[in-house]
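Next up, structure.txt (compact mmCIF, C-alpha atoms and all ligand atoms):
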```txt
# COMPACT_ATOMS: atom_id res chain seq x y z
CA MET J 287 16.32 -132.00 180.84
CA GLU J 288 13.97 -132.25 177.88
CA SER J 289 14.57 -129.97 174.92
CA TYR J 290 11.32 -128.00 175.23
CA LYS J 291 12.13 -127.18 178.89
CA ILE J 292 15.62 -125.92 177.98
CA PHE J 293 14.09 -123.99 175.08
CA SER J 294 11.52 -122.37 177.40
CA LEU J 295 14.23 -121.47 179.92
CA ILE J 296 16.47 -119.92 177.25
CA PHE J 297 13.56 -117.96 175.75
CA LEU J 298 12.34 -116.69 179.12
CA PHE J 299 15.87 -115.79 180.17
CA GLN J 300 16.33 -113.78 176.96
CA ILE J 301 13.02 -111.96 177.47
CA PHE J 302 13.88 -111.16 181.09
CA ARG J 303 17.37 -109.91 180.10
CA TYR J 304 15.92 -107.80 177.28
CA LEU J 305 13.18 -106.25 179.40
CA PHE J 306 15.46 -105.67 182.37
CA ILE J 307 18.53 -104.28 180.58
CA SER J 308 17.29 -102.88 177.22
CA GLY J 309 13.93 -101.86 178.71
CA GLY J 310 15.54 -100.47 181.87
CA LEU J 311 18.06 -98.36 179.95
CA PHE J 312 15.36 -97.13 177.57
CA ALA J 313 13.15 -96.13 180.51
CA LEU J 314 16.07 -94.36 182.22
CA PHE J 315 17.51 -92.46 179.23
CA TYR J 316 14.42 -91.84 177.12
CA MET J 317 11.59 -91.58 179.65
CA TRP J 318 12.34 -91.14 183.32
CA LYS J 319 15.48 -88.99 183.10
CA SER J 320 15.21 -87.87 179.47
CA PRO J 321 15.40 -84.11 180.29
CA TYR J 322 18.79 -84.72 181.94
CA PHE J 323 20.20 -87.14 179.32
CA LYS J 324 18.99 -85.14 176.28
CA LYS J 325 22.35 -83.37 176.06
CA TYR J 326 24.02 -86.75 175.34
CA TYR J 327 21.62 -87.80 172.54
CA ILE J 328 23.47 -88.40 169.27
CA GLN J 329 20.40 -87.72 167.13
CA THR J 330 17.50 -85.37 167.73
CA THR J 331 14.87 -87.26 165.70
CA ILE J 332 11.74 -87.92 167.77
CA ILE J 333 11.30 -91.56 168.82
CA THR J 334 7.69 -92.50 168.09
CA LYS J 335 5.47 -95.05 169.83
CA LEU J 336 5.30 -96.97 166.54
CA GLN J 337 9.11 -97.25 166.48
CA ILE J 338 9.18 -98.59 170.04
CA LYS J 339 6.42 -101.09 169.28
CA THR J 340 8.23 -102.25 166.11
CA GLU J 341 11.55 -102.63 167.95
CA VAL J 342 9.96 -104.67 170.77
CA ILE J 343 7.89 -106.98 168.53
CA ASN J 344 10.82 -107.67 166.15
CA SER J 345 13.15 -108.26 169.10
CA LEU J 346 10.74 -110.77 170.68
CA ILE J 347 10.48 -112.69 167.38
CA SER J 348 14.29 -112.67 167.08
CA MET J 349 14.67 -114.01 170.62
CA LEU J 350 12.29 -116.85 169.77
CA ILE J 351 14.38 -117.73 166.69
CA LEU J 352 17.63 -117.37 168.63
CA SER J 353 16.32 -119.72 171.33
CA ILE J 354 15.76 -122.42 168.67
CA PHE J 355 19.29 -121.97 167.37
CA TYR J 356 20.82 -121.91 170.86
CA ILE J 357 19.12 -125.19 171.75
CA LEU J 358 20.36 -126.75 168.50
CA LEU J 359 23.87 -125.60 169.37
CA LEU J 360 23.77 -126.83 172.96
CA LYS J 361 21.96 -130.10 172.26
CA TYR J 362 23.40 -131.29 168.97
CA PHE J 363 26.42 -129.33 167.86
CA ILE J 364 28.61 -128.55 170.85
CA LYS J 365 30.68 -131.42 172.24
CA GLN J 366 28.82 -132.99 175.16
CA ASN J 367 30.33 -133.50 178.63
CA PHE J 368 33.40 -131.69 177.55
CA SER J 369 35.61 -129.68 179.86
CA LEU J 370 38.44 -127.65 178.47
CA ILE J 371 40.53 -127.52 181.60
CA GLN J 372 40.08 -131.16 182.60
CA ASN J 373 43.82 -131.88 182.84
CA PHE J 374 44.89 -128.32 183.64
CA ALA J 375 47.43 -128.45 180.82
CA ILE J 376 48.77 -125.01 180.02
CA TYR J 377 47.43 -125.00 176.44
CA GLN J 378 43.95 -125.86 177.76
CA ILE J 379 44.02 -122.98 180.23
CA ILE J 380 45.27 -120.56 177.56
CA TRP J 381 42.53 -121.65 175.12
CA PHE J 382 39.93 -121.39 177.90
CA ILE J 383 40.96 -117.77 178.57
CA LEU J 384 41.18 -116.90 174.88
CA THR J 385 37.95 -118.54 173.68
CA ILE J 386 35.69 -115.49 174.16
CA PRO J 387 38.25 -112.95 172.80
CA PHE J 388 38.77 -115.29 169.83
CA MET J 389 35.00 -115.47 169.19
CA ILE J 390 34.81 -111.67 169.37
CA VAL J 391 37.50 -111.32 166.67
CA VAL J 392 35.87 -113.95 164.41
CA ASN J 393 32.40 -112.42 164.85
CA ASP J 394 33.78 -108.94 164.19
CA PHE J 395 35.20 -110.08 160.83
CA TYR J 396 32.11 -112.12 159.90
CA PHE J 397 29.67 -109.38 160.92
CA TYR J 398 31.41 -106.66 158.91
CA TRP J 399 31.12 -108.63 155.67
CA MET J 400 27.67 -110.04 156.40
CA HIS J 401 26.45 -106.54 157.25
CA ARG J 402 27.97 -104.98 154.14
CA THR J 403 26.41 -107.70 152.02
CA LEU J 404 23.00 -106.98 153.57
CA HIS J 405 23.41 -103.38 152.42
CA HIS J 406 23.64 -104.54 148.81
CA LYS J 407 20.49 -103.38 147.00
CA TYR J 408 19.40 -106.98 146.35
CA PHE J 409 19.37 -107.89 150.05
CA TYR J 410 18.70 -104.58 151.79
CA ARG J 411 14.91 -104.29 151.30
CA ARG J 412 14.38 -108.02 151.73
CA PHE J 413 16.35 -108.68 154.92
CA HIS J 414 17.93 -105.59 156.48
CA LEU J 415 15.38 -102.79 156.16
CA THR J 416 13.59 -104.13 159.26
CA HIS J 417 16.60 -103.20 161.40
CA HIS J 418 16.92 -99.81 159.71
CA LEU J 419 13.29 -98.85 160.32
CA SER J 420 14.80 -97.23 163.42
CA THR J 421 16.84 -94.36 161.97
CA ASN J 422 17.39 -93.14 165.53
CA PRO J 423 17.63 -96.48 167.38
CA THR J 424 17.03 -97.12 171.07
CA PRO J 425 18.34 -99.98 173.30
CA LEU J 426 15.05 -101.75 172.45
CA ALA J 427 16.32 -102.16 168.86
CA SER J 428 19.16 -104.48 170.01
CA PHE J 429 17.42 -107.51 168.46
CA SER J 430 15.09 -105.79 166.02
CA PHE J 431 15.95 -107.89 162.96
CA HIS J 432 14.25 -109.57 160.04
CA PRO J 433 14.11 -113.35 160.81
CA VAL J 434 16.70 -114.06 158.07
CA GLU J 435 19.07 -111.51 159.60
CA THR J 436 18.56 -113.10 163.03
CA ILE J 437 19.66 -116.45 161.59
CA LEU J 438 22.66 -114.80 159.93
CA GLU J 439 23.60 -113.27 163.30
CA VAL J 440 24.00 -116.72 164.89
CA ILE J 441 24.79 -119.15 162.06
CA TRP J 442 28.56 -118.47 162.09
CA ILE J 443 28.85 -120.17 165.53
CA PHE J 444 27.84 -123.59 164.12
CA PRO J 445 30.98 -124.34 162.06
CA LEU J 446 33.09 -122.82 164.86
CA VAL J 447 31.84 -125.21 167.57
CA MET J 448 32.17 -128.16 165.19
CA ILE J 449 35.81 -127.36 164.41
CA LEU J 450 37.03 -126.03 167.77
CA PRO J 451 36.61 -127.21 171.37
CA ILE J 452 34.32 -124.50 172.78
CA GLU J 453 32.83 -125.15 176.18
CA LYS J 454 29.08 -124.55 176.56
CA HIS J 455 29.54 -122.17 179.50
CA LEU J 456 31.81 -120.04 177.36
CA LEU J 457 29.21 -120.10 174.60
CA ILE J 458 26.61 -118.80 177.05
CA GLY J 459 29.17 -116.22 178.23
CA TYR J 460 29.75 -115.14 174.65
CA ALA J 461 26.00 -114.77 174.01
CA THR J 462 25.92 -112.35 176.97
CA VAL J 463 28.91 -110.36 175.68
CA SER J 464 27.21 -110.15 172.29
CA PHE J 465 23.91 -109.01 173.85
CA LEU J 466 25.60 -106.28 175.91
CA ASN J 467 27.52 -105.07 172.86
CA ASN J 468 24.26 -104.86 170.90
CA VAL J 469 22.64 -102.84 173.68
CA LYS J 470 25.64 -100.50 173.83
CA GLY J 471 25.54 -100.07 170.04
CA HIS J 472 21.90 -98.99 170.16
CA LEU J 473 22.07 -96.61 173.14
CA SER J 474 22.32 -93.63 170.75
CA LEU J 475 24.05 -91.69 173.53
CA ASP J 476 27.54 -90.23 173.59
CA PHE J 477 28.75 -89.33 177.08
CA PHE J 478 32.14 -88.09 175.80
CA PRO J 479 31.39 -86.20 172.56
CA ASN J 480 34.78 -84.48 172.55
CA TYR J 481 36.74 -87.71 172.84
CA THR J 482 37.74 -89.40 169.57
CA ASN J 483 37.70 -93.14 169.99
CA ARG J 484 39.99 -94.92 167.53
CA TRP J 485 39.49 -98.62 168.21
CA ILE J 486 36.07 -99.48 169.58
CA ASN J 487 32.88 -99.37 167.53
CA SER J 488 31.00 -96.85 169.65
CA SER J 489 27.35 -96.06 170.14
CA ARG J 490 27.97 -92.94 168.00
CA HIS J 491 29.33 -95.04 165.13
CA HIS J 492 26.33 -97.35 165.13
CA SER J 493 23.77 -94.59 165.61
CA LEU J 494 25.25 -92.82 162.56
CA HIS J 495 25.09 -96.10 160.66
CA HIS J 496 21.33 -96.13 161.28
CA LYS J 497 21.10 -92.51 160.13
CA ASN J 498 23.42 -92.58 157.10
CA PHE J 499 23.16 -96.24 156.00
CA ASN J 500 26.40 -96.33 153.99
CA SER J 501 29.12 -96.24 156.65
CA ASN J 502 30.17 -97.79 160.00
CA PHE J 503 29.36 -101.44 159.31
CA GLY J 504 31.46 -102.80 162.21
CA LEU J 505 30.39 -104.67 165.33
CA TYR J 506 33.00 -104.56 168.12
CA PHE J 507 35.96 -102.71 166.63
CA LEU J 508 36.71 -100.08 164.01
CA PHE J 509 39.46 -102.14 162.34
CA TRP J 510 37.48 -103.23 159.25
CA ASP J 511 35.76 -99.87 158.80
CA LYS J 512 39.13 -98.10 158.93
CA LEU J 513 40.87 -100.59 156.64
CA LEU J 514 38.08 -100.45 154.05
CA LYS J 515 37.48 -96.72 154.53
CA THR J 516 33.86 -97.01 155.59
CA GLU J 517 34.19 -95.18 158.90
CA LYS J 518 32.27 -91.90 159.27
CA ILE J 519 31.89 -90.05 162.56
CA ASN J 520 29.88 -86.96 161.56
ZN ZN R 601 22.92 -101.79 158.48
ZN ZN R 602 21.70 -101.42 164.61
```

Kindly transcribe the structure held in the file into C-alpha cells.
Ligand SMILES: [Zn+2]
Ligand SMILES: [Zn+2]
Amino acid sequence: MESYKIFSLIFLFQIFRYLFISGGLFALFYMWKSPYFKKYYIQTTIITKLQIKTEVINSLISMLILSIFYILLLKYFIKQNFSLIQNFAIYQIIWFILTIPFMIVVNDFYFYWMHRTLHHKYFYRRFHLTHHLSTNPTPLASFSFHPVETILEVIWIFPLVMILPIEKHLLIGYATVSFLNNVKGHLSLDFFPNYTNRWINSSRHHSLHHKNFNSNFGLYFLFWDKLLKTEKIN
C-alpha cells in the first residue's frame, strides 16, 4: 500500500480512537453523568470551553505529527517481513511476550527524564507549557502537546527498533497501551480516594502534576518519582 494511504489510515484511526475513547469518557464523566461522578473529581477547578477547545485542537495536531512518525517507523525503520516467532524457538517466544513490558519499562525511564528536562525553565515555556495550559486536565488532554513535545514522545522508539527485533504488530500494540495510559492519566478522577497506591502512576498523581507542576513526573510507575523524591499525593 502506498505511504499516503497508510498515513491516512493511521491518522483516521487515531482520530476515531481519540473521539471514541477520550471524547466518550469526557462526555460520560464531565457532561452526561457529571452530577454523579463529581464526588470522584480530583480537582474542583471549572473546566472551560476554551480549555476543551485547546485540548482538542492540540491533540489533533499531535495525532497528525504522530502519524508521520508512525509511518516512518513502519515503512523505513522497523525490519520488514520479520516475524519473531518464525521458528518457535523458546527465546523468540519469550522475547515476543516480553517486548511490550520491556517497551513500557524503557519508556517509563525515558519519559521521567524527558519530562523533568521539559520542566527546566529554559524548556518549560517553549515546549511544555502547552500541555500545562490544562491545570485540571480532562481525557481530551491526552495528546495536548506542543509539536516538539509530541516528537519527543515518540522519538525514543527509533533507536529501539533499529537495535532490537520488534515486530510491527507489537509496535501497534504498544501505541495502544501508551494511548490508554495517557487517557487514564488525564481522567482526573479517583474512584478509590482512601486507597494508597504505591506502584502505579495514578490519575491522581498526574492530575496533581498538572496542578502543582513540580512533582509526579512519571508515566507508568512511581519508581522514578519515589527514588528521586518527586512524588507528591496531596
Ligand atoms: Zn509536566
Ligand atoms: Zn498531562

Mind checking which residues fall within 7 Å of stretch 317-333 of chain J, counting all atoms listed in the file, ignoring those fewer than 2 positions away in the same chain, and posting them as a ChimeraX atom specification? /J:313-315,335,337,422,474-477,490

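Distance annotation: of J:Ser464, J:Gln378, J:Asn502, J:Ser294, the residue with the minimal separation from ligand ZN 601 (chain R) is J:Asn502; atom set is only C-alpha atoms and all ligand atoms.
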
Enclosing box along x, y and z for every listed atom of stretch 355-363 of chain J, padded 8 Å each side, centre and size in Å, one decimal, as lines of an AutoDock Vina configuration file:
```
center_x = 22.8
center_y = -126.6
center_z = 170.2
size_x = 23.3
size_y = 25.4
size_z = 21.6
```

Excluding same-chain residues fewer than 4 positions from J:Leu438, what lies within 8 Å of it counting only C-alpha atoms, as a VMD selection string? chain J and resid 400 434 442

At a cut-off of 10 Å, using only C-alpha atoms, what residues contact J:His491? Leave out same-chain residues fewer than 5 positions from it and give the result as a list in words. Ile328, Gly471, His472, Ser474, Asp476, Asn483, Ile486, His496, Lys497, Ser501, Asn502, Phe503, Gly504, Leu505, Leu508, Glu517, Lys518, Ile519 and Asn520 of chain J

If the limit is 7 Å from any atom of ligand ZN 601 (chain R), counting all atoms listed in the file, which residues qualify? Return them as a PyMOL selection string. chain J and resi 401+405+414+418+495-496+499+503

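Take the candidates J:Thr403, J:Gln300, J:Val447, J:Leu384 and check each one against J:Glu435 using all atoms listed in the file; the shortest distance goes to J:Thr403.
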
At a cut-off of 9 Å and counting all atoms listed in the file, what residues surround ligand ZN 602 (chain R)? Please answer as a ChimeraX atom specification. /J:417-418,420-421,423,427-431,468,471-472,492-493,495-496

Atom CA of J:Gly310 to atom CA of J:Asn467, distance in Å rounded to a single decimal: 15.7 Å

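Relative to atom CA of J:Asn500, atom CA of J:Thr516 is found at 7.7 Å.
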
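Nearest residue to J:Ser353 among J:Ile296, J:Leu305, J:Leu466, J:Ile458 is J:Ile296, counting all atoms listed in the file.
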
Extract, using all atoms listed in the file, all DNA, RNA and protein residues at most 12 Å from J:Val463, discarding same-chain residues fewer than 4 positions from it, and format them as a PyMOL selection string. chain J and resi 386-387+389-390+393+456-459+467-470+505-506

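What separates atom CA of J:Asn344 from atom CA of J:Asn487 is a distance of 23.6 Å.
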
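Each of J:Leu359, J:Leu426, J:Val392, J:Leu473 was checked against J:Lys454 using all atoms listed in the file; the smallest atom-to-atom distance is that of J:Leu359.
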
Kindly indicate which residue among J:Phe397, J:Phe509, J:Phe478, J:Phe297 lies nearest to J:Leu350, using all atoms listed in the file for the distances. J:Phe297

Repair of stretch 373-407 of chain J at the level of N, CA and C atoms, as a PDB file, keeping the file's coordinate frame:
```
ATOM      1  N   ASN J 373      42.489-131.441 182.386  1.00  0.00           N
ATOM      2  CA  ASN J 373      43.820-131.880 182.840  1.00  0.00           C
ATOM      3  C   ASN J 373      44.702-130.715 183.294  1.00  0.00           C
ATOM      4  N   PHE J 374      44.150-129.528 183.256  1.00  0.00           N
ATOM      5  CA  PHE J 374      44.890-128.320 183.640  1.00  0.00           C
ATOM      6  C   PHE J 374      46.214-128.167 182.887  1.00  0.00           C
ATOM      7  N   ALA J 375      46.239-128.664 181.646  1.00  0.00           N
ATOM      8  CA  ALA J 375      47.430-128.450 180.820  1.00  0.00           C
ATOM      9  C   ALA J 375      47.446-126.981 180.422  1.00  0.00           C
ATOM     10  N   ILE J 376      48.636-126.448 180.250  1.00  0.00           N
ATOM     11  CA  ILE J 376      48.770-125.010 180.020  1.00  0.00           C
ATOM     12  C   ILE J 376      48.035-124.569 178.743  1.00  0.00           C
ATOM     13  N   TYR J 377      48.099-125.402 177.688  1.00  0.00           N
ATOM     14  CA  TYR J 377      47.430-125.000 176.440  1.00  0.00           C
ATOM     15  C   TYR J 377      45.909-124.992 176.614  1.00  0.00           C
ATOM     16  N   GLN J 378      45.395-125.862 177.513  1.00  0.00           N
ATOM     17  CA  GLN J 378      43.950-125.860 177.760  1.00  0.00           C
ATOM     18  C   GLN J 378      43.529-124.580 178.490  1.00  0.00           C
ATOM     19  N   ILE J 379      44.339-124.192 179.468  1.00  0.00           N
ATOM     20  CA  ILE J 379      44.020-122.980 180.230  1.00  0.00           C
ATOM     21  C   ILE J 379      44.100-121.748 179.330  1.00  0.00           C
ATOM     22  N   ILE J 380      45.131-121.706 178.473  1.00  0.00           N
ATOM     23  CA  ILE J 380      45.270-120.560 177.560  1.00  0.00           C
ATOM     24  C   ILE J 380      44.070-120.484 176.612  1.00  0.00           C
ATOM     25  N   TRP J 381      43.675-121.624 176.051  1.00  0.00           N
ATOM     26  CA  TRP J 381      42.530-121.650 175.120  1.00  0.00           C
ATOM     27  C   TRP J 381      41.238-121.263 175.845  1.00  0.00           C
ATOM     28  N   PHE J 382      41.111-121.728 177.100  1.00  0.00           N
ATOM     29  CA  PHE J 382      39.930-121.390 177.900  1.00  0.00           C
ATOM     30  C   PHE J 382      39.817-119.861 178.059  1.00  0.00           C
ATOM     31  N   ILE J 383      40.961-119.228 178.376  1.00  0.00           N
ATOM     32  CA  ILE J 383      40.960-117.770 178.570  1.00  0.00           C
ATOM     33  C   ILE J 383      40.712-117.031 177.251  1.00  0.00           C
ATOM     34  N   LEU J 384      41.256-117.614 176.158  1.00  0.00           N
ATOM     35  CA  LEU J 384      41.180-116.900 174.880  1.00  0.00           C
ATOM     36  C   LEU J 384      39.930-117.199 174.057  1.00  0.00           C
ATOM     37  N   THR J 385      39.107-118.147 174.505  1.00  0.00           N
ATOM     38  CA  THR J 385      37.950-118.540 173.680  1.00  0.00           C
ATOM     39  C   THR J 385      37.044-117.346 173.362  1.00  0.00           C
ATOM     40  N   ILE J 386      36.620-116.606 174.402  1.00  0.00           N
ATOM     41  CA  ILE J 386      35.690-115.490 174.160  1.00  0.00           C
ATOM     42  C   ILE J 386      36.351-114.368 173.337  1.00  0.00           C
ATOM     43  N   PRO J 387      37.607-113.945 173.677  1.00  0.00           N
ATOM     44  CA  PRO J 387      38.250-112.950 172.800  1.00  0.00           C
ATOM     45  C   PRO J 387      38.362-113.436 171.355  1.00  0.00           C
ATOM     46  N   PHE J 388      38.665-114.737 171.174  1.00  0.00           N
ATOM     47  CA  PHE J 388      38.770-115.290 169.830  1.00  0.00           C
ATOM     48  C   PHE J 388      37.411-115.200 169.098  1.00  0.00           C
ATOM     49  N   MET J 389      36.334-115.536 169.801  1.00  0.00           N
ATOM     50  CA  MET J 389      35.000-115.470 169.190  1.00  0.00           C
ATOM     51  C   MET J 389      34.637-114.028 168.828  1.00  0.00           C
ATOM     52  N   ILE J 390      35.075-113.081 169.657  1.00  0.00           N
ATOM     53  CA  ILE J 390      34.810-111.670 169.370  1.00  0.00           C
ATOM     54  C   ILE J 390      35.481-111.265 168.050  1.00  0.00           C
ATOM     55  N   VAL J 391      36.750-111.686 167.885  1.00  0.00           N
ATOM     56  CA  VAL J 391      37.500-111.320 166.670  1.00  0.00           C
ATOM     57  C   VAL J 391      36.861-111.973 165.428  1.00  0.00           C
ATOM     58  N   VAL J 392      36.487-113.250 165.545  1.00  0.00           N
ATOM     59  CA  VAL J 392      35.870-113.950 164.410  1.00  0.00           C
ATOM     60  C   VAL J 392      34.527-113.302 164.061  1.00  0.00           C
ATOM     61  N   ASN J 393      33.718-113.022 165.082  1.00  0.00           N
ATOM     62  CA  ASN J 393      32.400-112.420 164.850  1.00  0.00           C
ATOM     63  C   ASN J 393      32.532-111.021 164.250  1.00  0.00           C
ATOM     64  N   ASP J 394      33.552-110.286 164.696  1.00  0.00           N
ATOM     65  CA  ASP J 394      33.780-108.940 164.190  1.00  0.00           C
ATOM     66  C   ASP J 394      34.052-108.969 162.682  1.00  0.00           C
ATOM     67  N   PHE J 395      34.872-109.914 162.259  1.00  0.00           N
ATOM     68  CA  PHE J 395      35.200-110.080 160.830  1.00  0.00           C
ATOM     69  C   PHE J 395      33.953-110.533 160.061  1.00  0.00           C
ATOM     70  N   TYR J 396      33.302-111.566 160.567  1.00  0.00           N
ATOM     71  CA  TYR J 396      32.110-112.120 159.900  1.00  0.00           C
ATOM     72  C   TYR J 396      31.014-111.055 159.790  1.00  0.00           C
ATOM     73  N   PHE J 397      30.776-110.351 160.905  1.00  0.00           N
ATOM     74  CA  PHE J 397      29.670-109.380 160.920  1.00  0.00           C
ATOM     75  C   PHE J 397      29.905-108.265 159.916  1.00  0.00           C
ATOM     76  N   TYR J 398      31.142-107.770 159.834  1.00  0.00           N
ATOM     77  CA  TYR J 398      31.410-106.660 158.910  1.00  0.00           C
ATOM     78  C   TYR J 398      30.979-107.039 157.496  1.00  0.00           C
ATOM     79  N   TRP J 399      31.402-108.225 157.054  1.00  0.00           N
ATOM     80  CA  TRP J 399      31.120-108.630 155.670  1.00  0.00           C
ATOM     81  C   TRP J 399      29.660-109.019 155.491  1.00  0.00           C
ATOM     82  N   MET J 400      29.094-109.675 156.475  1.00  0.00           N
ATOM     83  CA  MET J 400      27.670-110.040 156.400  1.00  0.00           C
ATOM     84  C   MET J 400      26.835-108.765 156.331  1.00  0.00           C
ATOM     85  N   HIS J 401      27.184-107.795 157.175  1.00  0.00           N
ATOM     86  CA  HIS J 401      26.450-106.540 157.250  1.00  0.00           C
ATOM     87  C   HIS J 401      26.574-105.745 155.952  1.00  0.00           C
ATOM     88  N   ARG J 402      27.777-105.703 155.404  1.00  0.00           N
ATOM     89  CA  ARG J 402      27.970-104.980 154.140  1.00  0.00           C
ATOM     90  C   ARG J 402      27.196-105.638 153.013  1.00  0.00           C
ATOM     91  N   THR J 403      27.167-106.964 153.037  1.00  0.00           N
ATOM     92  CA  THR J 403      26.410-107.700 152.020  1.00  0.00           C
ATOM     93  C   THR J 403      24.919-107.385 152.137  1.00  0.00           C
ATOM     94  N   LEU J 404      24.422-107.292 153.375  1.00  0.00           N
ATOM     95  CA  LEU J 404      23.000-106.980 153.570  1.00  0.00           C
ATOM     96  C   LEU J 404      22.650-105.574 153.074  1.00  0.00           C
ATOM     97  N   HIS J 405      23.665-104.720 152.947  1.00  0.00           N
ATOM     98  CA  HIS J 405      23.410-103.380 152.420  1.00  0.00           C
ATOM     99  C   HIS J 405      23.434-103.344 150.894  1.00  0.00           C
ATOM    100  N   HIS J 406      23.738-104.464 150.270  1.00  0.00           N
ATOM    101  CA  HIS J 406      23.640-104.540 148.810  1.00  0.00           C
ATOM    102  C   HIS J 406      22.169-104.402 148.437  1.00  0.00           C
ATOM    103  N   LYS J 407      21.898-103.697 147.322  1.00  0.00           N
ATOM    104  CA  LYS J 407      20.490-103.380 147.000  1.00  0.00           C
ATOM    105  C   LYS J 407      19.603-104.629 146.857  1.00  0.00           C
TER     106      LYS J 407
END
```
